Amino acid sequence: MLWRFGLQHASNIDKLLEKEDLTLEEVLNEPDLQQEIREQNPKVVSYLVQPQNLRQMVDYIATEAFFKSTKLAAAACDVLCSNSAAFAEALAAAYVAGDFEDSDESGTESDGSGRAEPEPDAEPRQHLLEQLWGVMGVEAGRLDAQQATQFSRVMCSVLQRKPYEALDFIRAQDAAVAQFLAHLGVSAVVDLLLKVISLEELEGGPGVVAWLGSQRLIPRLVARLAPDQEPETHSLAAQVLLDIIAISQCNNPAQPTIGTNALIAELKSAATVARLADYMLARDAPHATSTLINCVYIFIELIRRNYSDADGAATPEADGAGSDGARRDSRLAGVDLSDMMRELAQRVGDLAALLREPRAPTAPVPTTLGAREPLGFERLRICELFAELLHCASMPRLNAARGGADSPTVAPACGVVLAVGDACGRDAAATPVGQLLKWRLVQHGVLPLC
């Protein structure tokens, strides 16, 4: 409380800033630096936000200087990610070469913010973000995890405070999506990608999803699930897809989400599901089992994020008017996995065959009941998928008649298939998805197998 009466002592850093021939390293090594920035010390912020100092701090993070002094790099990262908006604004700004000269050596007039006023035909503007983005150009597999973390922290801070400018910059990079995909094994880079996607919810529609769609993000991730890829590649690609589903789709109204979007629509489309199913059912591919396990995770996540248990029961409250009913109707109208379910229904027979004869059978192991063959991860995941499909088969939304006198119907009370023998004789495209799922599960004897 002493500062109210003007009795506070001058901070060490204020005295340091009065020193002649002061270097940025001395300021970054000052123990009270972060505290002074949090308190918005104008002298400290004004000094650090000067273009030449900003560029040097970016150098500590994005260049070989990082490996020479990780301590300075960490201090620079903390400064650039601090609670002062001045740093994000300065990083997103454009500069000319003269801005990076010391103010006392440059003859160019300044506007007071550290940036020089360029003349009408001045040289092209430069962005410090371009220098920072150099981290993404590191060869795949050679990006240092700590350096990537600091880079991601700074970029996320700029995206948070100057989202439109930062997004414009990222979209202007020719190989941005390819660079993201090259570093899927670095969690900090994946976090940055998810941060970019989450900004789709900003007012004004920045078009992030449309841009990622034009860059074929989903097909490129799906291609990494091919059975000839390594299992580690499968896991990384599947995890990114699971994260995209999590921030895009949710059946919990209290959880923030960017809602149904083109990325999810492409992922759950019949063409993509058919491609994934072909991958996971390949018999002779070297890593088909890994593909199947990861693909099943994706299908189950899509189902659980979009179809809740409440969807399967029609209650007076859900059918009645009111705000809760309106929200539920809105959620149901915005989600449709029928194409995915229909494609998976056509593959029930192939999946059931894998239950009977797995691609990688294991020798029986002794148990208290005698020698038994282990279930294995492949068959376990197939059983989990069948359980989800059976659960969805009873949902009213997937059993709505498609119209016409020949359209199949669902039994009034229990939803039991009325004519299992008709499964092969009827047009599958004209059959409600829920009914088709039940037919296929019964036709291929799935329940006794599981």
# chains A, B, ... in the order shown; residues from 1 in each chain; ligands from 1

call {"tool": "select_by_dssp", "arguments": {"residues": "region 337-412 of chain A", "states": "strand (DSSP E)", "output": "number ranges by chain"}}
result
A: 365-367, 370-372

call {"tool": "write_last_selection", "arguments": {"atoms": "N, CA and C atoms", "output": "CSV table (one decimal), in the first residue's frame"}}
result
chain,number,residue,atom,x,y,z
A,365,VAL,N,-3.8,-69.8,-24.2
A,365,VAL,CA,-3.0,-69.6,-22.9
A,365,VAL,C,-3.7,-70.4,-21.8
A,366,PRO,N,-3.0,-70.9,-20.9
A,366,PRO,CA,-3.6,-71.7,-19.8
A,366,PRO,C,-4.4,-70.8,-18.9
A,367,THR,N,-5.6,-71.2,-18.5
A,367,THR,CA,-6.5,-70.5,-17.6
A,367,THR,C,-7.1,-71.5,-16.6
A,370,GLY,N,-9.0,-74.1,-18.3
A,370,GLY,CA,-8.3,-74.8,-19.4
A,370,GLY,C,-7.7,-73.8,-20.4
A,371,ALA,N,-7.1,-74.3,-21.5
A,371,ALA,CA,-6.5,-73.4,-22.5
A,371,ALA,C,-7.5,-72.6,-23.2
A,372,ARG,N,-7.3,-71.3,-23.3
A,372,ARG,CA,-8.3,-70.4,-24.0
A,372,ARG,C,-7.5,-69.5,-24.9

call {"tool": "residues_around", "arguments": {"residues": "Ile303 (chain A)", "least_positions_apart": "2", "cutoff": "9 Å", "atoms": "only C-alpha atoms", "output": "list in words"}}
result
Ile298, Phe299, Ile300, Glu301, Arg305, Asn306, Tyr307, Ser308, Leu337, Glu388, Leu389 and Cys392 of chain A

call {"tool": "residues_around", "arguments": {"residues": "Ser69 (chain A)", "least_positions_apart": "2", "cutoff": "12 Å", "atoms": "only C-alpha atoms", "output": "count of residues only"}}
result
19

call {"tool": "select_by_dssp", "arguments": {"residues": "region 209-401 of chain A", "states": "helix (DSSP H, G or I)", "output": "JSON list (two decimals) with C-alpha atoms, in the first residue's frame"}}
result
[["chain", "number", "residue", "atom", "x", "y", "z"],
["A", 209, "VAL", "CA", -12.64, -24.49, -41.57],
["A", 210, "ALA", "CA", -13.19, -23.54, -45.21],
["A", 211, "TRP", "CA", -9.48, -22.87, -45.62],
["A", 212, "LEU", "CA", -8.49, -26.18, -43.99],
["A", 213, "GLY", "CA", -11.04, -27.93, -46.18],
["A", 214, "SER", "CA", -9.51, -26.40, -49.30],
["A", 217, "LEU", "CA", -6.77, -31.56, -44.09],
["A", 218, "ILE", "CA", -9.18, -34.47, -43.48],
["A", 219, "PRO", "CA", -8.17, -36.55, -46.54],
["A", 220, "ARG", "CA", -4.51, -36.03, -45.70],
["A", 221, "LEU", "CA", -5.06, -37.19, -42.13],
["A", 222, "VAL", "CA", -7.12, -40.15, -43.32],
["A", 223, "ALA", "CA", -4.31, -41.13, -45.72],
["A", 231, "PRO", "CA", 1.35, -47.82, -36.20],
["A", 232, "GLU", "CA", 2.82, -44.66, -34.66],
["A", 233, "THR", "CA", 1.60, -42.68, -37.67],
["A", 234, "HIS", "CA", -1.85, -44.23, -37.21],
["A", 235, "SER", "CA", -1.98, -43.16, -33.57],
["A", 236, "LEU", "CA", -0.90, -39.58, -34.29],
["A", 237, "ALA", "CA", -3.37, -39.08, -37.13],
["A", 238, "ALA", "CA", -6.21, -40.69, -35.18],
["A", 239, "GLN", "CA", -5.54, -38.50, -32.14],
["A", 240, "VAL", "CA", -5.74, -35.32, -34.23],
["A", 241, "LEU", "CA", -9.04, -36.49, -35.76],
["A", 242, "LEU", "CA", -10.38, -37.31, -32.28],
["A", 243, "ASP", "CA", -9.42, -33.83, -31.08],
["A", 244, "ILE", "CA", -11.13, -32.22, -34.08],
["A", 245, "ILE", "CA", -14.28, -34.20, -33.28],
["A", 246, "ALA", "CA", -14.10, -33.10, -29.64],
["A", 247, "ILE", "CA", -13.97, -29.37, -30.44],
["A", 248, "SER", "CA", -16.49, -29.65, -33.27],
["A", 262, "ALA", "CA", -17.29, -28.95, -43.08],
["A", 263, "LEU", "CA", -14.41, -30.90, -41.53],
["A", 264, "ILE", "CA", -16.77, -33.18, -39.60],
["A", 265, "ALA", "CA", -19.11, -33.43, -42.59],
["A", 266, "GLU", "CA", -16.21, -34.68, -44.70],
["A", 267, "LEU", "CA", -14.99, -37.08, -42.01],
["A", 270, "ALA", "CA", -19.91, -42.10, -46.99],
["A", 271, "ALA", "CA", -16.79, -41.73, -49.16],
["A", 272, "THR", "CA", -14.45, -41.18, -46.20],
["A", 273, "VAL", "CA", -16.04, -43.94, -44.11],
["A", 274, "ALA", "CA", -15.77, -46.35, -47.06],
["A", 275, "ARG", "CA", -12.09, -45.46, -47.40],
["A", 276, "LEU", "CA", -11.46, -46.05, -43.71],
["A", 277, "ALA", "CA", -13.38, -49.32, -43.83],
["A", 278, "ASP", "CA", -11.30, -50.52, -46.77],
["A", 279, "TYR", "CA", -8.15, -49.68, -44.83],
["A", 280, "MET", "CA", -9.21, -51.48, -41.67],
["A", 281, "LEU", "CA", -10.44, -54.60, -43.45],
["A", 288, "ALA", "CA", -4.09, -53.41, -40.87],
["A", 289, "THR", "CA", -4.80, -54.35, -37.25],
["A", 290, "SER", "CA", -3.42, -51.00, -36.04],
["A", 291, "THR", "CA", -5.54, -49.24, -38.67],
["A", 292, "LEU", "CA", -8.66, -51.04, -37.49],
["A", 293, "ILE", "CA", -8.08, -50.20, -33.83],
["A", 294, "ASN", "CA", -7.60, -46.49, -34.55],
["A", 295, "CYS", "CA", -10.47, -46.27, -37.04],
["A", 296, "VAL", "CA", -12.84, -47.85, -34.52],
["A", 297, "TYR", "CA", -11.82, -45.18, -32.01],
["A", 298, "ILE", "CA", -12.82, -42.52, -34.54],
["A", 299, "PHE", "CA", -16.19, -44.10, -35.35],
["A", 300, "ILE", "CA", -17.04, -44.55, -31.68],
["A", 301, "GLU", "CA", -16.05, -40.97, -30.86],
["A", 302, "LEU", "CA", -18.27, -39.65, -33.66],
["A", 303, "ILE", "CA", -21.20, -41.67, -32.34],
["A", 304, "ARG", "CA", -20.74, -40.76, -28.68],
["A", 305, "ARG", "CA", -20.19, -37.07, -29.36],
["A", 306, "ASN", "CA", -23.30, -36.81, -31.50],
["A", 309, "ASP", "CA", -28.62, -41.91, -24.56],
["A", 310, "ALA", "CA", -31.44, -39.38, -24.34],
["A", 311, "ASP", "CA", -31.88, -39.64, -28.11],
["A", 312, "GLY", "CA", -33.09, -43.19, -27.82],
["A", 316, "PRO", "CA", -43.18, -36.19, -22.79],
["A", 317, "GLU", "CA", -40.65, -33.55, -21.76],
["A", 318, "ALA", "CA", -38.64, -34.01, -24.95],
["A", 319, "ASP", "CA", -41.78, -33.94, -27.13],
["A", 323, "SER", "CA", -36.70, -23.96, -24.32],
["A", 324, "ASP", "CA", -35.19, -27.33, -23.30],
["A", 325, "GLY", "CA", -37.13, -29.13, -26.02],
["A", 326, "ALA", "CA", -36.14, -26.51, -28.56],
["A", 327, "ARG", "CA", -32.46, -26.91, -27.72],
["A", 328, "ARG", "CA", -32.74, -30.68, -28.03],
["A", 329, "ASP", "CA", -34.57, -30.45, -31.37],
["A", 330, "SER", "CA", -31.91, -28.07, -32.63],
["A", 331, "ARG", "CA", -29.16, -30.48, -31.61],
["A", 332, "LEU", "CA", -30.86, -33.43, -33.28],
["A", 333, "ALA", "CA", -31.43, -31.50, -36.48],
["A", 338, "SER", "CA", -26.84, -42.02, -41.19],
["A", 339, "ASP", "CA", -24.39, -42.17, -44.12],
["A", 340, "MET", "CA", -21.65, -43.42, -41.82],
["A", 341, "MET", "CA", -23.99, -45.96, -40.19],
["A", 342, "ARG", "CA", -25.23, -47.20, -43.56],
["A", 343, "GLU", "CA", -21.69, -47.76, -44.80],
["A", 344, "LEU", "CA", -20.70, -49.57, -41.60],
["A", 345, "ALA", "CA", -23.82, -51.72, -41.83],
["A", 346, "GLN", "CA", -22.59, -53.00, -45.18],
["A", 348, "VAL", "CA", -20.83, -55.98, -40.62],
["A", 349, "GLY", "CA", -20.20, -59.31, -42.37],
["A", 350, "ASP", "CA", -16.51, -58.56, -42.90],
["A", 351, "LEU", "CA", -16.09, -57.46, -39.30],
["A", 352, "ALA", "CA", -17.88, -60.57, -38.05],
["A", 353, "ALA", "CA", -15.50, -62.69, -40.12],
["A", 354, "LEU", "CA", -12.57, -61.07, -38.30],
["A", 355, "LEU", "CA", -14.18, -62.03, -35.00],
["A", 356, "ARG", "CA", -14.19, -65.66, -36.10],
["A", 376, "GLY", "CA", -6.93, -59.63, -28.53],
["A", 377, "PHE", "CA", -7.23, -55.89, -29.17],
["A", 378, "GLU", "CA", -8.53, -56.33, -32.71],
["A", 379, "ARG", "CA", -11.55, -58.40, -31.69],
["A", 380, "LEU", "CA", -12.12, -56.29, -28.58],
["A", 381, "ARG", "CA", -12.43, -53.12, -30.66],
["A", 382, "ILE", "CA", -14.77, -54.84, -33.12],
["A", 383, "CYS", "CA", -17.00, -55.90, -30.22],
["A", 384, "GLU", "CA", -17.03, -52.31, -28.94],
["A", 385, "LEU", "CA", -18.03, -51.04, -32.38],
["A", 386, "PHE", "CA", -20.81, -53.61, -32.65],
["A", 387, "ALA", "CA", -22.09, -52.54, -29.22],
["A", 388, "GLU", "CA", -22.29, -48.92, -30.39],
["A", 389, "LEU", "CA", -24.01, -49.89, -33.63],
["A", 390, "LEU", "CA", -26.54, -52.03, -31.79],
["A", 391, "HIS", "CA", -27.24, -49.14, -29.41],
["A", 392, "CYS", "CA", -27.75, -46.73, -32.30],
["A", 393, "ALA", "CA", -29.98, -49.18, -34.16],
["A", 396, "PRO", "CA", -35.86, -43.26, -33.34],
["A", 397, "ARG", "CA", -33.93, -40.90, -35.59],
["A", 398, "LEU", "CA", -32.32, -43.86, -37.39]]

call {"tool": "atom_distance", "arguments": {"atom1": "CA of Ala175 (chain A)", "atom2": "CA of Val158 (chain A)"}}
result
20.0 Å

call {"tool": "atom_distance", "arguments": {"atom1": "CA of Asn41 (chain A)", "atom2": "CA of Asn83 (chain A)"}}
result
11.9 Å

call {"tool": "closest_residue", "arguments": {"among": "A:Ala86, A:Leu194, A:Ala62, A:Glu200", "to": "Phe151 (chain A)", "atoms": "only C-alpha atoms"}}
result
A:Ala62

call {"tool": "atom_distance", "arguments": {"atom1": "CA of Asp99 (chain A)", "atom2": "CA of Met155 (chain A)"}}
result
21.9 Å

call {"tool": "residues_around", "arguments": {"residues": "Ser187 (chain A)", "least_positions_apart": "5", "cutoff": "10 Å", "atoms": "only C-alpha atoms", "output": "PyMOL selection string"}}
result
chain A and resi 145+148-149+152+192-193+236+240
